[in-house]
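This report refers to the structure that appears directly beneath it.
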Amino acid sequence: MVIEELTLEEKIGQLFMIELEEGAITKETIEMIQKYKIGGFILYARNYHNYKEMLQIVNQLKEINQVNKIPLWIAIDQEGGRVNRMPREIVPLKNAFDIAKTKDIELVRKSGQIIGKMLRETGINMNFAPVLDIKRFKDKHAIGNRCYGETAEEVETYGIEVMKEIQKQGIVSVVKHFPGHGRTKKDSHFFLPTVRTKQEELQKTDMHVFQSAIEQGADAIMAGHIKMKDIDKKYPATLSKKLLYEKLRMEWNYEGLLTTDDIKMFGIRKRYSMIKAVQYAVLAGNNMILLGLPYKKIIKLMKKVDDKVSNLKIPIGYLNKSIATTLEMKKKYQLVDEKSNGMNVEQINQEIQQLNQKVISSQE
C-alpha cells in the first residue's frame, strides 16, 4: 500500500490509535474500523476478564479490519511491574528497576524476550515499552521503578536491550517518554510538567538515552507531555517542532515512527483544544496520535482534521509524510490481520516465575 492510493479519510484514520469504548467490541467499534479506517487500538486490562477474552478481542478486531487495505495496529502498554495489561492468570513480571538492579544482562534480555513472545503469540504487534526515562524519585513516582536505572548509562545498558528483544519477537517497541520524564516530580496525566534543566545537561543525560536508542535501531518513540523550557518555551515535547522535527528528525536523522502520549491527558487538555493539539502534533512530526476519547468525539475531531487539511492549516504534504512513515513501519513488521492461536499460559507463567525468582534471589 502506497500513500497515493489512500483517500484523505483513510489518511486521517491512520493518524489515530484509540481505545475500545465501553471496554468491548460494539457496532460502533465496527464503524470506527470499516467506515473511519482507524489506524489501531490500544488495549487495557479492563477490556477483558481473562486470557481467552483478550485473545478473542484481538482476533475480532483483525477480522473486522479485513475489508480494509491496511492492517491494524494492536497495541498495549506491557512494561511489567505496575504497568501490566495482561489478564490476571498471567503471572506479573517484576518491575524494570528490580530486574536491571540484578546487573544480569542476560536476565534483562530474557525479560524483554518474554514480553515480546507473549505479545506476538497473542497477536499484538506494538508495545509502548520500554521506559527509557532515568529514575530520580521514589518507586511510586509517576515513572519511579518503571525505569531501568538511576543514570543514563544504566538505562542505556539495560533498557535498550529490552527494546531489542521485543523487536526480535516481531513487535514494534515504542520507547518512552522522550525527552525524559524522569526530570520532573509531576505526573503528566494531571499536570504539564516543566523542566528547566539546560539543554547541554539534558543532552548528556535524559536525551542521550534516546539518541543511543536511535543509534541502536529504535523504530518508534513516544513523546511525553513535558515542557523543556530551555529548548521550547511554548510547546510541550509532544507538540514541539523544535524537539521532534528539528532534534529527532533533522539533527539525529531519526526516520522511525513518532507517537504522542494520550492527548486527552490533562497536561494537554487543560491548555489546548483537541483539534489544536492534533494540528500541532502533526506539524511537529508525529505519525500517530494516541487518543482515548469516546468514538463520537473522535469522529467529530476527524472531521475537523479534514477541514484543517482543506483550509491548509495542516498542509497535505505534512499528512502524507506522516502516514507514509506509518505505512512503511506496518510493512517492515509484516503486519497482517490473521487470527492468532494464543500462547501457552502455563509455559509463559513458568518462564516468568523463573525470572522473578532470580530477581528475588539477587536481592537477598
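Ordering of the C-alpha cells sets the chain letters (A, B, ...), residue numbers begin anew at 1 in every chain, and ligands are numbered from 1 in the order given.
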
Can you list, as a PDB file with C-alpha atoms, in the first residue's frame, every protein, DNA or RNA residue that comes within 9 Å of stretch 157-161 of chain A when you count only C-alpha atoms, leaving out same-chain residues fewer than 4 positions away?
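New file result14.pdb:
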ATOM      1  CA  ALA A  96      12.111  -2.839  35.299  1.00  0.00           C
ATOM      2  CA  ALA A 100      18.023  -4.149  35.960  1.00  0.00           C
ATOM      3  CA  LYS A 103      23.078  -6.312  36.691  1.00  0.00           C
ATOM      4  CA  ILE A 105      22.278  -8.555  31.216  1.00  0.00           C
ATOM      5  CA  VAL A 108      17.302  -8.354  31.406  1.00  0.00           C
ATOM      6  CA  ARG A 109      17.258  -9.657  27.851  1.00  0.00           C
ATOM      7  CA  GLY A 112      12.269  -8.453  27.007  1.00  0.00           C
ATOM      8  CA  PRO A 130      10.330   0.005  27.491  1.00  0.00           C
ATOM      9  CA  VAL A 131      10.541   3.181  29.562  1.00  0.00           C
ATOM     10  CA  LEU A 132      13.856   4.922  28.843  1.00  0.00           C
ATOM     11  CA  CYS A 147      12.939   2.833  34.804  1.00  0.00           C
ATOM     12  CA  TYR A 148      15.984   0.654  34.153  1.00  0.00           C
ATOM     13  CA  GLY A 149      18.369   2.702  36.228  1.00  0.00           C
ATOM     14  CA  ALA A 152      21.831   7.405  31.645  1.00  0.00           C
ATOM     15  CA  GLU A 153      24.457   4.672  31.401  1.00  0.00           C
ATOM     16  CA  GLU A 165      14.482  -8.252  22.444  1.00  0.00           C
ATOM     17  CA  ILE A 166      10.914  -7.038  21.929  1.00  0.00           C
ATOM     18  CA  VAL A 175      10.462   3.647  23.715  1.00  0.00           C
ATOM     19  CA  VAL A 209      19.468   7.709  26.198  1.00  0.00           C
ATOM     20  CA  SER A 212      21.579   5.948  21.842  1.00  0.00           C
ATOM     21  CA  ALA A 213      18.327   4.035  21.268  1.00  0.00           C
ATOM     22  CA  GLN A 216      20.880   1.081  18.107  1.00  0.00           C
ATOM     23  CA  ALA A 218      14.778   2.243  17.681  1.00  0.00           C
TER      24      ALA A 218
END

Find the spatial neighbours of A:Asp139, counting only C-alpha atoms, within a cut-off of 12 Å - ignore same-chain residues fewer than 3 positions away - and output them as a list in words.
->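 Within the cut-off, the hits are Gly81, Arg82, Asn95, Ala96, Phe97, Asp98, Ile134, Lys135, Arg136, Ala142, Ile143, Gly144, Asn145, Arg146, Cys147, Tyr148, Gly149, Glu150, Gly182 and Lys185 of chain A.
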
For those residues, write N, CA and C atoms to a file as a PDB file, in the first residue's frame.
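Written file, part_2.pdb:
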ATOM      1  N   GLY A  81       5.898  -5.071  36.093  1.00  0.00           N
ATOM      2  CA  GLY A  81       5.721  -4.263  37.301  1.00  0.00           C
ATOM      3  C   GLY A  81       4.308  -3.752  37.401  1.00  0.00           C
ATOM      4  N   ARG A  82       4.153  -2.474  37.780  1.00  0.00           N
ATOM      5  CA  ARG A  82       2.800  -1.953  37.987  1.00  0.00           C
ATOM      6  C   ARG A  82       2.080  -1.597  36.687  1.00  0.00           C
ATOM      7  N   ASN A  95       9.219  -5.511  38.175  1.00  0.00           N
ATOM      8  CA  ASN A  95       9.383  -4.192  37.562  1.00  0.00           C
ATOM      9  C   ASN A  95      10.774  -4.026  36.968  1.00  0.00           C
ATOM     10  N   ALA A  96      10.881  -3.067  36.053  1.00  0.00           N
ATOM     11  CA  ALA A  96      12.111  -2.839  35.299  1.00  0.00           C
ATOM     12  C   ALA A  96      13.308  -2.547  36.198  1.00  0.00           C
ATOM     13  N   PHE A  97      13.095  -1.718  37.218  1.00  0.00           N
ATOM     14  CA  PHE A  97      14.210  -1.300  38.065  1.00  0.00           C
ATOM     15  C   PHE A  97      14.808  -2.486  38.815  1.00  0.00           C
ATOM     16  N   ASP A  98      13.960  -3.344  39.363  1.00  0.00           N
ATOM     17  CA  ASP A  98      14.453  -4.504  40.102  1.00  0.00           C
ATOM     18  C   ASP A  98      15.157  -5.497  39.184  1.00  0.00           C
ATOM     19  N   ILE A 134      15.027   8.186  33.224  1.00  0.00           N
ATOM     20  CA  ILE A 134      16.006   7.934  34.277  1.00  0.00           C
ATOM     21  C   ILE A 134      15.333   8.104  35.636  1.00  0.00           C
ATOM     22  N   LYS A 135      15.534   7.128  36.517  1.00  0.00           N
ATOM     23  CA  LYS A 135      14.911   7.155  37.843  1.00  0.00           C
ATOM     24  C   LYS A 135      15.613   8.173  38.744  1.00  0.00           C
ATOM     25  N   ARG A 136      14.842   9.149  39.212  1.00  0.00           N
ATOM     26  CA  ARG A 136      15.386  10.141  40.140  1.00  0.00           C
ATOM     27  C   ARG A 136      14.546  10.273  41.414  1.00  0.00           C
ATOM     28  N   ALA A 142       5.485   8.812  39.345  1.00  0.00           N
ATOM     29  CA  ALA A 142       4.828   8.505  38.068  1.00  0.00           C
ATOM     30  C   ALA A 142       5.680   7.582  37.192  1.00  0.00           C
ATOM     31  N   ILE A 143       6.986   7.767  37.238  1.00  0.00           N
ATOM     32  CA  ILE A 143       7.892   6.903  36.486  1.00  0.00           C
ATOM     33  C   ILE A 143       8.547   5.886  37.415  1.00  0.00           C
ATOM     34  N   GLY A 144       9.239   6.357  38.447  1.00  0.00           N
ATOM     35  CA  GLY A 144       9.762   5.501  39.513  1.00  0.00           C
ATOM     36  C   GLY A 144      10.430   4.216  39.064  1.00  0.00           C
ATOM     37  N   ASN A 145       9.932   3.078  39.592  1.00  0.00           N
ATOM     38  CA  ASN A 145      10.589   1.802  39.299  1.00  0.00           C
ATOM     39  C   ASN A 145      10.229   1.220  37.932  1.00  0.00           C
ATOM     40  N   ARG A 146       9.616   2.019  37.099  1.00  0.00           N
ATOM     41  CA  ARG A 146       9.405   1.623  35.707  1.00  0.00           C
ATOM     42  C   ARG A 146      10.689   1.822  34.898  1.00  0.00           C
ATOM     43  N   CYS A 147      11.669   2.539  35.470  1.00  0.00           N
ATOM     44  CA  CYS A 147      12.939   2.833  34.804  1.00  0.00           C
ATOM     45  C   CYS A 147      13.929   1.685  34.965  1.00  0.00           C
ATOM     46  N   TYR A 148      14.942   1.671  34.104  1.00  0.00           N
ATOM     47  CA  TYR A 148      15.984   0.654  34.153  1.00  0.00           C
ATOM     48  C   TYR A 148      17.255   1.122  34.840  1.00  0.00           C
ATOM     49  N   GLY A 149      17.188   2.262  35.505  1.00  0.00           N
ATOM     50  CA  GLY A 149      18.369   2.702  36.228  1.00  0.00           C
ATOM     51  C   GLY A 149      18.263   4.140  36.671  1.00  0.00           C
ATOM     52  N   GLU A 150      19.256   4.544  37.479  1.00  0.00           N
ATOM     53  CA  GLU A 150      19.307   5.895  38.032  1.00  0.00           C
ATOM     54  C   GLU A 150      20.298   6.784  37.294  1.00  0.00           C
ATOM     55  N   GLY A 182      11.829  11.522  33.654  1.00  0.00           N
ATOM     56  CA  GLY A 182      12.443  11.340  34.960  1.00  0.00           C
ATOM     57  C   GLY A 182      12.940  12.616  35.615  1.00  0.00           C
ATOM     58  N   LYS A 185       8.895  15.724  39.078  1.00  0.00           N
ATOM     59  CA  LYS A 185       8.072  15.014  40.054  1.00  0.00           C
ATOM     60  C   LYS A 185       6.629  14.920  39.593  1.00  0.00           C
TER      61      LYS A 185
END

Spatial neighbours of A:Gln169, 12 Å, only C-alpha atoms, chain gap at least 3 places, as a PyMOL selection string = chain A and resi 109-110+112-127+162-166+172-173+333

Shell around A:Leu202 at 12 Å using only C-alpha atoms, local window under 4 positions removed, as a PDB file with N, CA and C atoms, in the first residue's frame:
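Generated file (selection12.pdb):
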ATOM      1  N   ASP A 133      13.239   6.502  30.570  1.00  0.00           N
ATOM      2  CA  ASP A 133      13.462   7.627  31.476  1.00  0.00           C
ATOM      3  C   ASP A 133      14.461   7.204  32.553  1.00  0.00           C
ATOM      4  N   ILE A 134      15.027   8.186  33.224  1.00  0.00           N
ATOM      5  CA  ILE A 134      16.006   7.934  34.277  1.00  0.00           C
ATOM      6  C   ILE A 134      15.333   8.104  35.636  1.00  0.00           C
ATOM      7  N   ALA A 152      22.000   7.621  33.083  1.00  0.00           N
ATOM      8  CA  ALA A 152      21.831   7.405  31.645  1.00  0.00           C
ATOM      9  C   ALA A 152      22.519   6.113  31.215  1.00  0.00           C
ATOM     10  N   PHE A 178      10.195  10.438  25.529  1.00  0.00           N
ATOM     11  CA  PHE A 178      11.120  11.460  25.041  1.00  0.00           C
ATOM     12  C   PHE A 178      10.576  12.854  25.360  1.00  0.00           C
ATOM     13  N   PRO A 179      11.421  13.757  25.825  1.00  0.00           N
ATOM     14  CA  PRO A 179      12.879  13.708  26.006  1.00  0.00           C
ATOM     15  C   PRO A 179      13.318  13.306  27.412  1.00  0.00           C
ATOM     16  N   GLY A 180      12.407  12.740  28.220  1.00  0.00           N
ATOM     17  CA  GLY A 180      12.773  12.239  29.537  1.00  0.00           C
ATOM     18  C   GLY A 180      11.858  12.741  30.637  1.00  0.00           C
ATOM     19  N   HIS A 181      10.988  11.823  31.122  1.00  0.00           N
ATOM     20  CA  HIS A 181      10.017  12.179  32.159  1.00  0.00           C
ATOM     21  C   HIS A 181      10.631  12.088  33.565  1.00  0.00           C
ATOM     22  N   GLY A 182      11.829  11.522  33.654  1.00  0.00           N
ATOM     23  CA  GLY A 182      12.443  11.340  34.960  1.00  0.00           C
ATOM     24  C   GLY A 182      12.940  12.616  35.615  1.00  0.00           C
ATOM     25  N   ARG A 183      12.881  13.718  34.882  1.00  0.00           N
ATOM     26  CA  ARG A 183      13.361  15.004  35.389  1.00  0.00           C
ATOM     27  C   ARG A 183      12.345  15.725  36.268  1.00  0.00           C
ATOM     28  N   VAL A 195      10.378  21.388  32.811  1.00  0.00           N
ATOM     29  CA  VAL A 195      11.756  21.096  33.192  1.00  0.00           C
ATOM     30  C   VAL A 195      12.617  22.289  32.795  1.00  0.00           C
ATOM     31  N   ARG A 196      13.379  22.794  33.748  1.00  0.00           N
ATOM     32  CA  ARG A 196      14.186  23.998  33.492  1.00  0.00           C
ATOM     33  C   ARG A 196      15.675  23.683  33.313  1.00  0.00           C
ATOM     34  N   THR A 197      16.009  22.418  33.282  1.00  0.00           N
ATOM     35  CA  THR A 197      17.396  21.995  33.086  1.00  0.00           C
ATOM     36  C   THR A 197      17.905  22.500  31.739  1.00  0.00           C
ATOM     37  N   LYS A 198      19.170  22.898  31.691  1.00  0.00           N
ATOM     38  CA  LYS A 198      19.763  23.410  30.457  1.00  0.00           C
ATOM     39  C   LYS A 198      19.902  22.290  29.422  1.00  0.00           C
ATOM     40  N   ASP A 206      19.304  12.632  29.999  1.00  0.00           N
ATOM     41  CA  ASP A 206      17.986  12.110  29.599  1.00  0.00           C
ATOM     42  C   ASP A 206      17.846  11.927  28.091  1.00  0.00           C
ATOM     43  N   MET A 207      18.214  12.945  27.335  1.00  0.00           N
ATOM     44  CA  MET A 207      18.053  12.873  25.882  1.00  0.00           C
ATOM     45  C   MET A 207      19.073  11.944  25.245  1.00  0.00           C
ATOM     46  N   HIS A 208      20.222  11.814  25.892  1.00  0.00           N
ATOM     47  CA  HIS A 208      21.265  10.949  25.343  1.00  0.00           C
ATOM     48  C   HIS A 208      20.813   9.497  25.260  1.00  0.00           C
ATOM     49  N   VAL A 209      19.990   9.083  26.212  1.00  0.00           N
ATOM     50  CA  VAL A 209      19.468   7.709  26.198  1.00  0.00           C
ATOM     51  C   VAL A 209      18.688   7.463  24.914  1.00  0.00           C
ATOM     52  N   PHE A 210      17.847   8.401  24.525  1.00  0.00           N
ATOM     53  CA  PHE A 210      17.031   8.244  23.317  1.00  0.00           C
ATOM     54  C   PHE A 210      17.890   8.315  22.053  1.00  0.00           C
ATOM     55  N   GLN A 211      18.911   9.159  22.079  1.00  0.00           N
ATOM     56  CA  GLN A 211      19.829   9.215  20.945  1.00  0.00           C
ATOM     57  C   GLN A 211      20.536   7.864  20.781  1.00  0.00           C
ATOM     58  N   MET A 228      10.182  21.309  27.968  1.00  0.00           N
ATOM     59  CA  MET A 228      11.611  21.520  28.203  1.00  0.00           C
ATOM     60  C   MET A 228      11.917  22.996  27.932  1.00  0.00           C
ATOM     61  N   LYS A 229      11.894  23.777  28.991  1.00  0.00           N
ATOM     62  CA  LYS A 229      11.899  25.233  28.897  1.00  0.00           C
ATOM     63  C   LYS A 229      13.084  25.780  28.107  1.00  0.00           C
ATOM     64  N   ASP A 230      14.246  25.164  28.245  1.00  0.00           N
ATOM     65  CA  ASP A 230      15.434  25.694  27.584  1.00  0.00           C
ATOM     66  C   ASP A 230      15.465  25.387  26.093  1.00  0.00           C
ATOM     67  N   ILE A 231      14.589  24.473  25.653  1.00  0.00           N
ATOM     68  CA  ILE A 231      14.554  24.102  24.229  1.00  0.00           C
ATOM     69  C   ILE A 231      13.347  24.706  23.532  1.00  0.00           C
TER      70      ILE A 231
END

Could you name the residues that touch A:Met17 at 6 Å or less, counting only C-alpha atoms, but leaving out those on the same chain fewer than 5 positions away, as a PyMOL selection string?
-> chain A and resi 39-41+290

Could you write those residues out with C-alpha atoms, as a PDB file, in the first residue's frame?
ATOM      1  CA  GLY A  39      -5.169   3.105  12.400  1.00  0.00           C
ATOM      2  CA  GLY A  40      -5.168   0.975  15.510  1.00  0.00           C
ATOM      3  CA  PHE A  41      -6.370   0.158  19.016  1.00  0.00           C
ATOM      4  CA  LEU A 290      -2.962   8.294  20.858  1.00  0.00           C
TER       5      LEU A 290
END

Could you pull out all residues of stretch 1-180 of chain A with a DSSP call of helix (DSSP H, G or I) and give them as a ChimeraX atom specification?
-> /A:3-5,8-15,21-23,27-34,45-47,51-65,96-101,105-122,144-146,152-168

Neighbour list for A:Leu291 as a PDB file with C-alpha atoms, in the first residue's frame, cut-off 12 Å, only C-alpha atoms, skip fewer than 3 positions in-chain:
ATOM      1  CA  LEU A  15      -3.368   9.044  12.300  1.00  0.00           C
ATOM      2  CA  PHE A  16      -5.272   7.759  15.307  1.00  0.00           C
ATOM      3  CA  MET A  17      -4.847   4.979  17.809  1.00  0.00           C
ATOM      4  CA  ILE A  18      -7.899   4.695  20.031  1.00  0.00           C
ATOM      5  CA  GLU A  19      -9.308   2.661  22.924  1.00  0.00           C
ATOM      6  CA  LEU A  20     -12.159   0.182  22.996  1.00  0.00           C
ATOM      7  CA  GLU A  21     -15.156   2.248  24.039  1.00  0.00           C
ATOM      8  CA  ILE A  38      -8.882   3.859  12.192  1.00  0.00           C
ATOM      9  CA  GLY A  39      -5.169   3.105  12.400  1.00  0.00           C
ATOM     10  CA  GLY A  40      -5.168   0.975  15.510  1.00  0.00           C
ATOM     11  CA  PHE A  41      -6.370   0.158  19.016  1.00  0.00           C
ATOM     12  CA  ILE A  42      -4.644   0.156  22.369  1.00  0.00           C
ATOM     13  CA  THR A 259       3.687   8.907  18.515  1.00  0.00           C
ATOM     14  CA  THR A 260       2.165  11.178  21.101  1.00  0.00           C
ATOM     15  CA  ASP A 261       1.261  10.051  24.571  1.00  0.00           C
ATOM     16  CA  ASP A 262      -2.514  10.165  25.003  1.00  0.00           C
ATOM     17  CA  ILE A 263      -3.506  13.754  24.180  1.00  0.00           C
ATOM     18  CA  LYS A 264      -6.601  13.565  26.360  1.00  0.00           C
ATOM     19  CA  MET A 265      -4.283  13.639  29.381  1.00  0.00           C
ATOM     20  CA  ILE A 268      -2.510  18.756  27.206  1.00  0.00           C
ATOM     21  CA  ARG A 269      -6.286  19.070  27.541  1.00  0.00           C
ATOM     22  CA  MET A 274      -8.229  18.610  20.861  1.00  0.00           C
ATOM     23  CA  ILE A 275      -8.101  19.868  17.276  1.00  0.00           C
ATOM     24  CA  ALA A 277      -3.390  19.505  19.844  1.00  0.00           C
ATOM     25  CA  VAL A 278      -3.780  17.242  16.789  1.00  0.00           C
ATOM     26  CA  MET A 288       0.414   8.664  15.269  1.00  0.00           C
ATOM     27  CA  PRO A 294     -15.490   8.375  23.126  1.00  0.00           C
ATOM     28  CA  TYR A 295     -15.990   7.465  19.471  1.00  0.00           C
ATOM     29  CA  LYS A 297     -15.854  12.854  19.866  1.00  0.00           C
ATOM     30  CA  ILE A 298     -13.171  11.176  17.776  1.00  0.00           C
ATOM     31  CA  ILE A 299     -15.402  11.234  14.691  1.00  0.00           C
ATOM     32  CA  LEU A 301     -12.336  15.511  15.611  1.00  0.00           C
ATOM     33  CA  MET A 302     -11.535  13.601  12.413  1.00  0.00           C
TER      34      MET A 302
END
